[in-house]
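> File name upload13.cif; file contents mmCIF, C-alpha atoms and all ligand atoms; full text below.
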```cif
data_protein
#
loop_
_atom_site.label_atom_id
_atom_site.label_comp_id
_atom_site.auth_asym_id
_atom_site.auth_seq_id
_atom_site.Cartn_x
_atom_site.Cartn_y
_atom_site.Cartn_z
CA MET Y 1362 90.71 -27.84 114.63
CA SER Y 1363 88.97 -24.47 114.77
CA ASP Y 1364 89.98 -22.08 117.54
CA THR Y 1365 86.45 -20.57 117.70
CA TYR Y 1366 86.13 -21.68 121.31
CA GLU Y 1367 89.27 -19.75 122.26
CA THR Y 1368 87.75 -16.35 121.39
CA THR Y 1369 86.62 -13.79 123.99
CA ASP Y 1370 83.20 -13.53 122.31
CA LEU Y 1371 82.52 -17.25 122.78
CA LEU Y 1372 83.92 -17.20 126.33
CA ASN Y 1373 81.50 -14.39 127.25
CA GLN Y 1374 78.60 -16.13 125.49
CA TYR Y 1375 79.18 -19.40 127.32
CA LEU Y 1376 79.70 -17.79 130.75
CA LEU Y 1377 76.27 -16.23 130.36
CA PHE Y 1378 74.79 -19.45 128.89
CA HIS Y 1379 76.02 -21.61 131.82
CA PHE Y 1380 75.74 -19.27 134.78
CA GLY Y 1381 73.57 -16.26 133.88
CA THR Y 1382 70.22 -15.77 135.62
CA ALA Y 1383 67.06 -15.45 133.51
CA GLU Y 1384 67.18 -11.68 134.08
CA GLN Y 1385 70.83 -11.50 133.00
CA GLN Y 1386 70.18 -13.53 129.86
CA LEU Y 1387 66.78 -12.54 128.52
CA ALA Y 1388 66.02 -9.02 127.35
CA PHE Y 1389 62.45 -9.87 126.29
CA PRO Y 1390 59.76 -12.03 127.94
CA GLU Y 1391 57.85 -13.45 124.92
CA GLY Y 1392 57.99 -17.03 123.67
CA MET Y 1393 58.63 -18.33 120.16
CA HIS Y 1394 55.02 -18.42 118.97
CA ALA Y 1395 54.69 -14.66 119.43
CA ALA Y 1396 57.56 -14.32 116.96
CA LEU Y 1397 55.70 -15.90 114.00
CA ASN Y 1398 54.24 -13.95 111.02
CA PHE Y 1399 56.65 -11.04 111.36
CA PRO Y 1400 56.06 -9.57 107.85
CA GLN Y 1401 52.29 -9.59 108.37
CA ARG Y 1402 52.63 -8.04 111.84
CA CYS Y 1403 54.86 -5.29 110.43
CA ALA Y 1404 52.31 -4.40 107.76
CA GLN Y 1405 49.45 -4.49 110.29
CA ALA Y 1406 51.33 -2.25 112.76
CA ALA Y 1407 51.96 0.32 110.02
CA LEU Y 1408 48.34 0.08 108.78
CA SER Y 1409 46.99 0.57 112.26
CA ALA Y 1410 49.13 3.71 112.74
CA HIS Y 1411 48.06 4.92 109.29
CA GLY Y 1412 44.39 4.79 110.30
CA ALA Y 1413 41.93 6.44 107.91
CA ARG Y 1414 44.56 8.30 105.84
CA PRO Y 1415 44.66 7.80 102.06
CA LYS Y 1416 45.60 4.29 100.93
CA ARG Y 1417 46.65 4.76 97.34
CA ARG Y 1418 50.22 3.49 97.03
CA ALA Y 1419 52.35 1.51 99.50
CA LEU Y 1420 56.03 0.58 99.16
CA ASP Y 1421 57.83 -2.34 100.86
CA LEU Y 1422 61.60 -1.88 100.59
CA GLY Y 1423 63.70 -5.01 101.07
CA CYS Y 1424 60.46 -6.97 100.65
CA ALA Y 1425 62.17 -10.40 100.33
CA VAL Y 1426 59.48 -12.84 99.11
CA GLY Y 1427 56.64 -10.37 99.69
CA GLY Y 1428 54.84 -11.32 102.94
CA ALA Y 1429 54.37 -7.70 104.07
CA THR Y 1430 53.67 -6.42 100.54
CA PHE Y 1431 50.76 -8.86 100.14
CA GLU Y 1432 49.46 -7.90 103.57
CA LEU Y 1433 49.38 -4.23 102.50
CA SER Y 1434 47.40 -5.24 99.40
CA ARG Y 1435 44.39 -5.98 101.63
CA THR Y 1436 43.78 -2.23 101.96
CA PHE Y 1437 46.00 -0.32 99.51
CA ASP Y 1438 45.07 0.36 95.87
CA GLN Y 1439 48.62 -0.56 94.83
CA SER Y 1440 51.48 -2.20 96.78
CA ILE Y 1441 55.01 -2.32 95.41
CA GLY Y 1442 57.77 -4.57 96.76
CA ILE Y 1443 61.42 -3.96 95.86
CA ASP Y 1444 64.29 -6.26 96.79
CA PHE Y 1445 67.92 -6.47 95.72
CA SER Y 1446 67.60 -10.23 95.37
CA GLY Y 1447 66.34 -11.30 91.97
CA SER Y 1448 65.40 -14.76 93.23
CA PHE Y 1449 63.36 -13.27 96.09
CA ALA Y 1450 61.54 -10.84 93.76
CA SER Y 1451 60.82 -13.70 91.30
CA ALA Y 1452 59.50 -15.93 94.10
CA ALA Y 1453 57.21 -13.08 95.26
CA GLN Y 1454 55.88 -12.73 91.71
CA LYS Y 1455 55.35 -16.48 91.42
CA ILE Y 1456 53.46 -16.85 94.70
CA GLY Y 1457 51.36 -13.82 93.68
CA ARG Y 1458 50.56 -15.45 90.33
CA GLU Y 1459 49.99 -19.02 91.51
CA GLY Y 1460 48.89 -18.52 95.13
CA ARG Y 1461 51.41 -21.10 96.36
CA HIS Y 1462 55.09 -21.98 96.23
CA THR Y 1463 57.03 -25.12 97.10
CA CYS Y 1464 59.83 -24.88 99.62
CA LEU Y 1465 62.35 -27.28 101.15
CA ARG Y 1466 62.25 -27.25 104.94
CA HIS Y 1467 65.54 -28.22 106.54
CA GLU Y 1468 65.16 -30.96 109.17
CA GLU Y 1469 68.72 -32.04 110.05
CA GLY Y 1470 71.94 -32.90 108.22
CA LYS Y 1471 71.01 -33.36 104.56
CA GLN Y 1472 67.36 -34.15 105.30
CA PHE Y 1473 64.70 -31.83 103.90
CA THR Y 1474 60.92 -31.96 103.67
CA GLU Y 1475 59.21 -30.58 100.59
CA LEU Y 1476 56.32 -28.32 101.57
CA GLU Y 1477 53.88 -26.02 99.87
CA VAL Y 1478 53.37 -22.57 101.35
CA ALA Y 1479 50.36 -20.49 100.35
CA LEU Y 1480 49.28 -16.85 100.18
CA PRO Y 1481 47.06 -15.88 103.10
CA GLU Y 1482 43.32 -15.60 102.41
CA GLY Y 1483 42.01 -12.16 101.48
CA VAL Y 1484 45.13 -10.55 100.00
CA SER Y 1485 44.96 -8.97 96.50
CA PRO Y 1486 47.96 -10.15 94.46
CA GLU Y 1487 46.57 -8.41 91.35
CA THR Y 1488 47.29 -5.03 92.99
CA THR Y 1489 50.89 -5.93 93.94
CA HIS Y 1490 53.98 -5.39 91.86
CA PHE Y 1491 57.46 -6.75 92.61
CA ALA Y 1492 60.78 -5.62 91.19
CA GLN Y 1493 64.44 -6.28 91.71
CA GLY Y 1494 66.13 -3.03 92.79
CA ASP Y 1495 68.51 -1.26 95.14
CA ALA Y 1496 66.92 0.65 98.03
CA GLN Y 1497 70.03 2.87 98.01
CA ALA Y 1498 69.52 3.90 94.39
CA LEU Y 1499 65.79 3.89 93.75
CA PRO Y 1500 64.55 5.04 90.34
CA ALA Y 1501 63.92 8.80 90.17
CA ASP Y 1502 60.43 8.15 88.74
CA LEU Y 1503 59.33 5.71 91.48
CA GLY Y 1504 56.77 8.27 92.66
CA VAL Y 1505 55.36 9.07 96.09
CA PHE Y 1506 53.67 6.76 98.61
CA ASP Y 1507 51.19 6.98 101.47
CA LEU Y 1508 52.97 4.23 103.42
CA VAL Y 1509 56.53 2.88 103.29
CA LEU Y 1510 57.97 -0.17 105.06
CA ALA Y 1511 61.67 -0.87 105.47
CA CYS Y 1512 61.70 -4.01 107.59
CA ASN Y 1513 65.05 -5.37 108.74
CA LEU Y 1514 66.73 -3.69 105.82
CA ILE Y 1515 68.71 -0.79 107.22
CA CYS Y 1516 71.48 -2.90 108.82
CA ARG Y 1517 71.90 -4.85 105.58
CA LEU Y 1518 72.75 -1.76 103.53
CA ASN Y 1519 76.24 -0.65 102.60
CA GLN Y 1520 75.22 3.02 102.82
CA PRO Y 1521 72.05 3.32 104.96
CA GLU Y 1522 72.23 7.12 104.67
CA LEU Y 1523 71.42 6.90 100.96
CA LEU Y 1524 68.03 5.39 101.77
CA LEU Y 1525 67.45 7.60 104.82
CA ASP Y 1526 68.12 10.71 102.72
CA ARG Y 1527 65.67 9.54 100.05
CA LEU Y 1528 62.82 8.70 102.44
CA PRO Y 1529 61.35 12.23 102.79
CA ALA Y 1530 60.81 12.40 99.02
CA LEU Y 1531 59.17 8.95 98.98
CA LEU Y 1532 56.33 9.83 101.35
CA ASN Y 1533 53.34 12.09 100.92
CA GLN Y 1534 52.78 14.57 103.73
CA GLY Y 1535 50.93 12.69 106.50
CA GLY Y 1536 52.26 9.38 105.16
CA THR Y 1537 53.39 6.58 107.47
CA LEU Y 1538 56.85 5.06 107.64
CA LEU Y 1539 57.71 1.86 109.51
CA ILE Y 1540 61.37 0.99 110.02
CA THR Y 1541 62.25 -2.20 111.85
CA THR Y 1542 65.78 -3.29 112.60
CA PRO Y 1543 67.40 -5.81 114.93
CA LEU Y 1544 70.43 -3.47 114.87
CA THR Y 1545 72.64 -6.40 113.89
CA TRP Y 1546 75.40 -4.34 112.34
CA MET Y 1547 78.02 -6.33 110.49
CA ASP Y 1548 81.08 -5.09 108.60
CA ALA Y 1549 80.22 -7.57 105.86
CA TYR Y 1550 77.19 -5.41 105.02
CA THR Y 1551 77.87 -1.94 106.45
CA PRO Y 1552 81.28 -0.41 107.18
CA GLU Y 1553 81.46 0.40 110.90
CA ALA Y 1554 81.71 4.16 110.34
CA ARG Y 1555 78.21 4.07 108.78
CA TRP Y 1556 76.46 2.07 111.53
CA LEU Y 1557 73.64 4.03 113.17
CA SER Y 1558 74.73 2.48 116.49
CA GLN Y 1559 77.96 4.22 117.53
CA PRO Y 1560 79.78 4.63 120.85
CA GLY Y 1561 77.62 7.02 122.86
CA GLN Y 1562 74.75 6.86 120.32
CA SER Y 1563 72.10 4.14 120.19
CA GLY Y 1564 70.85 2.96 116.82
CA PHE Y 1565 67.52 4.59 117.59
CA GLU Y 1566 69.23 7.93 118.31
CA GLY Y 1567 71.09 7.62 115.01
CA LEU Y 1568 67.85 6.89 113.17
CA SER Y 1569 66.01 9.77 114.90
CA LYS Y 1570 68.77 12.19 113.87
CA ALA Y 1571 68.59 11.00 110.26
CA LEU Y 1572 64.79 11.43 110.11
CA SER Y 1573 64.52 14.66 112.12
CA GLY Y 1574 63.01 17.65 110.37
CA HIS Y 1575 61.00 15.42 108.02
CA PHE Y 1576 59.26 12.89 110.28
CA ASP Y 1577 57.55 12.87 113.69
CA LEU Y 1578 57.89 9.76 115.82
CA ILE Y 1579 54.58 7.96 116.42
CA SER Y 1580 55.71 4.91 118.39
CA VAL Y 1581 58.57 2.52 119.13
CA GLU Y 1582 58.18 -1.12 120.10
CA ASP Y 1583 60.14 -4.37 120.18
CA MET Y 1584 58.93 -6.93 117.65
CA PRO Y 1585 60.12 -10.54 117.91
CA PHE Y 1586 60.71 -12.61 114.80
CA ILE Y 1587 61.89 -16.12 114.17
CA ILE Y 1588 63.60 -17.67 111.17
CA ARG Y 1589 64.03 -21.43 111.12
CA GLU Y 1590 67.48 -22.79 110.31
CA HIS Y 1591 66.60 -26.45 110.96
CA ARG Y 1592 64.26 -28.45 113.15
CA ARG Y 1593 66.32 -27.80 116.26
CA LYS Y 1594 67.80 -24.39 115.51
CA TYR Y 1595 66.10 -21.02 115.02
CA GLN Y 1596 67.23 -17.43 114.70
CA TYR Y 1597 65.17 -15.71 117.38
CA SER Y 1598 65.53 -11.94 117.24
CA PHE Y 1599 63.85 -8.76 118.41
CA ALA Y 1600 63.58 -5.94 115.95
CA GLN Y 1601 63.17 -2.38 117.11
CA ALA Y 1602 60.12 -1.12 115.23
CA SER Y 1603 59.60 2.62 114.94
CA ILE Y 1604 56.68 4.28 113.20
CA TRP Y 1605 57.01 7.80 111.81
CA ARG Y 1606 54.70 10.37 110.23
CA ARG Y 1607 55.88 12.50 107.31
CA THR Y 1608 55.61 16.15 108.28
CA SER Y 1609 55.53 19.16 106.01
CA GLY Y 1610 59.31 19.74 106.44
C1 LIG Y 1701 66.92 -9.38 106.67
S1 LIG Y 1701 66.06 -9.45 105.14
C2 LIG Y 1701 64.49 -8.76 105.56
C3 LIG Y 1701 63.43 -9.11 104.57
C4 LIG Y 1701 62.00 -8.68 104.90
N1 LIG Y 1701 61.81 -7.25 104.90
C5 LIG Y 1701 61.60 -9.26 106.21
O1 LIG Y 1701 61.39 -8.49 107.17
O2 LIG Y 1701 61.50 -10.49 106.31
C6 LIG Y 1701 66.85 -8.16 104.23
C7 LIG Y 1701 66.30 -8.03 102.83
O3 LIG Y 1701 66.83 -6.86 102.24
C8 LIG Y 1701 67.24 -7.16 100.93
N2 LIG Y 1701 68.26 -6.18 100.56
C9 LIG Y 1701 69.55 -6.14 100.95
N3 LIG Y 1701 70.18 -5.07 100.41
C10 LIG Y 1701 69.24 -4.42 99.67
C11 LIG Y 1701 69.24 -3.25 98.87
N4 LIG Y 1701 70.35 -2.54 98.71
N5 LIG Y 1701 68.11 -2.88 98.27
C12 LIG Y 1701 66.97 -3.60 98.41
N6 LIG Y 1701 66.90 -4.73 99.15
C13 LIG Y 1701 68.01 -5.13 99.78
C14 LIG Y 1701 67.71 -8.60 100.98
O4 LIG Y 1701 67.73 -9.18 99.69
C15 LIG Y 1701 66.69 -9.20 101.92
O5 LIG Y 1701 65.54 -9.63 101.24
#
```
Mind turning the file's structure into structure tokens?
Ligand SMILES: C[S@@+](CC[C@H](N)C(=O)[O-])C[C@H]1O[C@@H](n2cnc3c(N)ncnc32)[C@H](O)[C@@H]1O


Amino acid sequence: MSDTYETTDLLNQYLLFHFGTAEQQLAFPEGMHAALNFPQRCAQAALSAHGARPKRRALDLGCAVGGATFELSRTFDQSIGIDFSGSFASAAQKIGREGRHTCLRHEEGKQFTELEVALPEGVSPETTHFAQGDAQALPADLGVFDLVLACNLICRLNQPELLLDRLPALLNQGGTLLITTPLTWMDAYTPEARWLSQPGQSGFEGLSKALSGHFDLISVEDMPFIIREHRRKYQYSFAQASIWRRTSG
């Protein structure tokens, strides 16, 4: 028998679950449908902040299977997606090449439904490029970009500061940076001493410190996203999305 239900964390979770008011339990008012299409919404938010600035090269770090990278390809001359996962990068290449990809949707127990997912209409896969790579050790010759996305990546890195230190050199002056994070820090990914969220410092304050001198803050908003586990269980999260402009510093 597991003793999971003897832990303080679970006791607190269930006290809130059984007796908390709506105000005590819910930090955000939106429903699940507003949480769909997160990668596309990220790209669109960054594009809207970017406005009429040059749209030569865009970079999507931690791109997973490429949803945001393809969205950027609607307007950018070239969009590059980099992910540490080789299987994600290969799947992004395949859906770019073939326009569709099969996937197994978990229903319950060992039951799965085979589905086909497709690239959205109007994207330009021929201008995208995907590679397996480490956002903490990007190639020196990667070049400079007009727009960079790092969506839900920072709290999955072992040394977030390595990416944060590299960001100024990745963006042209006037370029746009979007960082989203649900601030779900876990020792399994990031040692606690390197979390941007520390006692007396919010994750956003940590991020602002790391970017200060090189970026001006444009906006901050909460962006819901949903990842299906099975038919009756979903990860429903709210990323903090901040948009930054590369200054001359
Ligand atoms: C939480 S997912 C977010 C994926 C995508 N940006 C999104 O918003 O759906 C984190 C992604 O970062 C990738 N990742 C983790 N560590 C990385 C690293 N060091 N360099 C590049 N990608 C990394 C993972 O493989 C995964 O695709």

> At a cut-off of 12 Å, using all atoms listed in the file, what residues contact Pro1486 (chain Y)? Leave out same-chain residues fewer than 2 positions from it and give the result as a PyMOL selection string.

chain Y and resi 1427-1442+1453-1461+1480-1484+1488-1491

> Counting only C-alpha atoms and all ligand atoms, name the residues that have an atom within 6 Å of an atom of ligand LIG 1701 (chain Y); the answer should be given as number ranges by chain.

Y: 1400, 1423-1425, 1444-1446, 1494-1497, 1512-1514, 1517-1518

> Put those residues in a file: C-alpha atoms, as a PDB file, keeping the file's coordinate frame.


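Writing the result to selection.pdb gives the following:
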```pdb
ATOM      1  CA  PRO Y1400      56.060  -9.570 107.850  1.00  0.00           C
ATOM      2  CA  GLY Y1423      63.700  -5.010 101.070  1.00  0.00           C
ATOM      3  CA  CYS Y1424      60.460  -6.970 100.650  1.00  0.00           C
ATOM      4  CA  ALA Y1425      62.170 -10.400 100.330  1.00  0.00           C
ATOM      5  CA  ASP Y1444      64.290  -6.260  96.790  1.00  0.00           C
ATOM      6  CA  PHE Y1445      67.920  -6.470  95.720  1.00  0.00           C
ATOM      7  CA  SER Y1446      67.600 -10.230  95.370  1.00  0.00           C
ATOM      8  CA  GLY Y1494      66.130  -3.030  92.790  1.00  0.00           C
ATOM      9  CA  ASP Y1495      68.510  -1.260  95.140  1.00  0.00           C
ATOM     10  CA  ALA Y1496      66.920   0.650  98.030  1.00  0.00           C
ATOM     11  CA  GLN Y1497      70.030   2.870  98.010  1.00  0.00           C
ATOM     12  CA  CYS Y1512      61.700  -4.010 107.590  1.00  0.00           C
ATOM     13  CA  ASN Y1513      65.050  -5.370 108.740  1.00  0.00           C
ATOM     14  CA  LEU Y1514      66.730  -3.690 105.820  1.00  0.00           C
ATOM     15  CA  ARG Y1517      71.900  -4.850 105.580  1.00  0.00           C
ATOM     16  CA  LEU Y1518      72.750  -1.760 103.530  1.00  0.00           C
TER      17      LEU Y1518
END
```

> Which residue is closest to Ile1579 (chain Y)? Choose from Y:Gln1374, Y:Thr1474, Y:Gln1401, Y:Thr1608 and count all atoms listed in the file.

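Once distances to Ile1579 (chain Y) are computed over all atoms listed in the file, the minimum belongs to Y:Thr1608.
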
> What is the CA of Leu1465 (chain Y) to CA of His1591 (chain Y) distance in Å?

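So the two atoms, CA of Leu1465 (chain Y) and CA of His1591 (chain Y), lie 10.7 Å apart.
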
> Identify which of the residues Y:Phe1389, Y:Ala1554, Y:Arg1592, Y:Gln1601 lies closest to His1467 (chain Y), counting only C-alpha atoms when measuring atom-to-atom distances.

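The shortest atom-to-atom distance to His1467 (chain Y) comes from Y:Arg1592.
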
> Please provide the set of residues having any atom within 10 Å of Leu1538 (chain Y), restricted to all atoms listed in the file, with same-chain residues fewer than 6 positions apart removed, written as a list of chain:residue names.

Y:Ala1407, Y:Leu1408, Y:Ala1410, Y:His1411, Y:Ala1419, Y:Leu1420, Y:Phe1506, Y:Asp1507, Y:Leu1508, Y:Val1509, Y:Leu1510, Y:Ala1511, Y:Leu1528, Y:Pro1529, Y:Leu1531, Y:Leu1532, Y:Phe1576, Y:Asp1577, Y:Leu1578, Y:Ile1579, Y:Ser1603, Y:Ile1604, Y:Trp1605, Y:Arg1606, Y:Arg1607

> Rounded to one decimal in Å, what is the spacing between CA of Leu1525 (chain Y) and CA of Ser1485 (chain Y)?

29.1 Å

> Between Y:Ile1588, Y:Glu1367, Y:Ile1443, Y:Gly1610, which has the minimum distance to Arg1466 (chain Y) (counting all atoms listed in the file)?

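When distances to Arg1466 (chain Y) are compared using all atoms listed in the file, the smallest one comes from Y:Ile1588.
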
> Would you compute the box with edges along x, y and z of the file around region 1566-1575 of chain Y, including every atom the file lists for it and 6 Å extra on each side, and give its centre and edge lengths in Å to one decimal, as JSON?


```
{"center_x": 66.0, "center_y": 12.3, "center_z": 113.2, "size_x": 22.1, "size_y": 22.8, "size_z": 22.3}
```

> Using all atoms listed in the file, which of Y:Trp1546, Y:Phe1586, Y:Phe1599, Y:Trp1556 sits nearest Glu1522 (chain Y)?

Y:Trp1556

> For CA of Ala1404 (chain Y) and CA of Met1547 (chain Y), determine how far apart the two atoms are, in Å to one decimal place.

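Computing the Euclidean distance for CA of Ala1404 (chain Y) and CA of Met1547 (chain Y) yields 25.9 Å.
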
> Ranking Y:Glu1391, Y:Glu1468, Y:Glu1384, Y:Leu1499 by minimum distance to Tyr1595 (chain Y) and counting only C-alpha atoms, which one comes first?

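With only C-alpha atoms as the atom set, the closest residue is Y:Glu1468.
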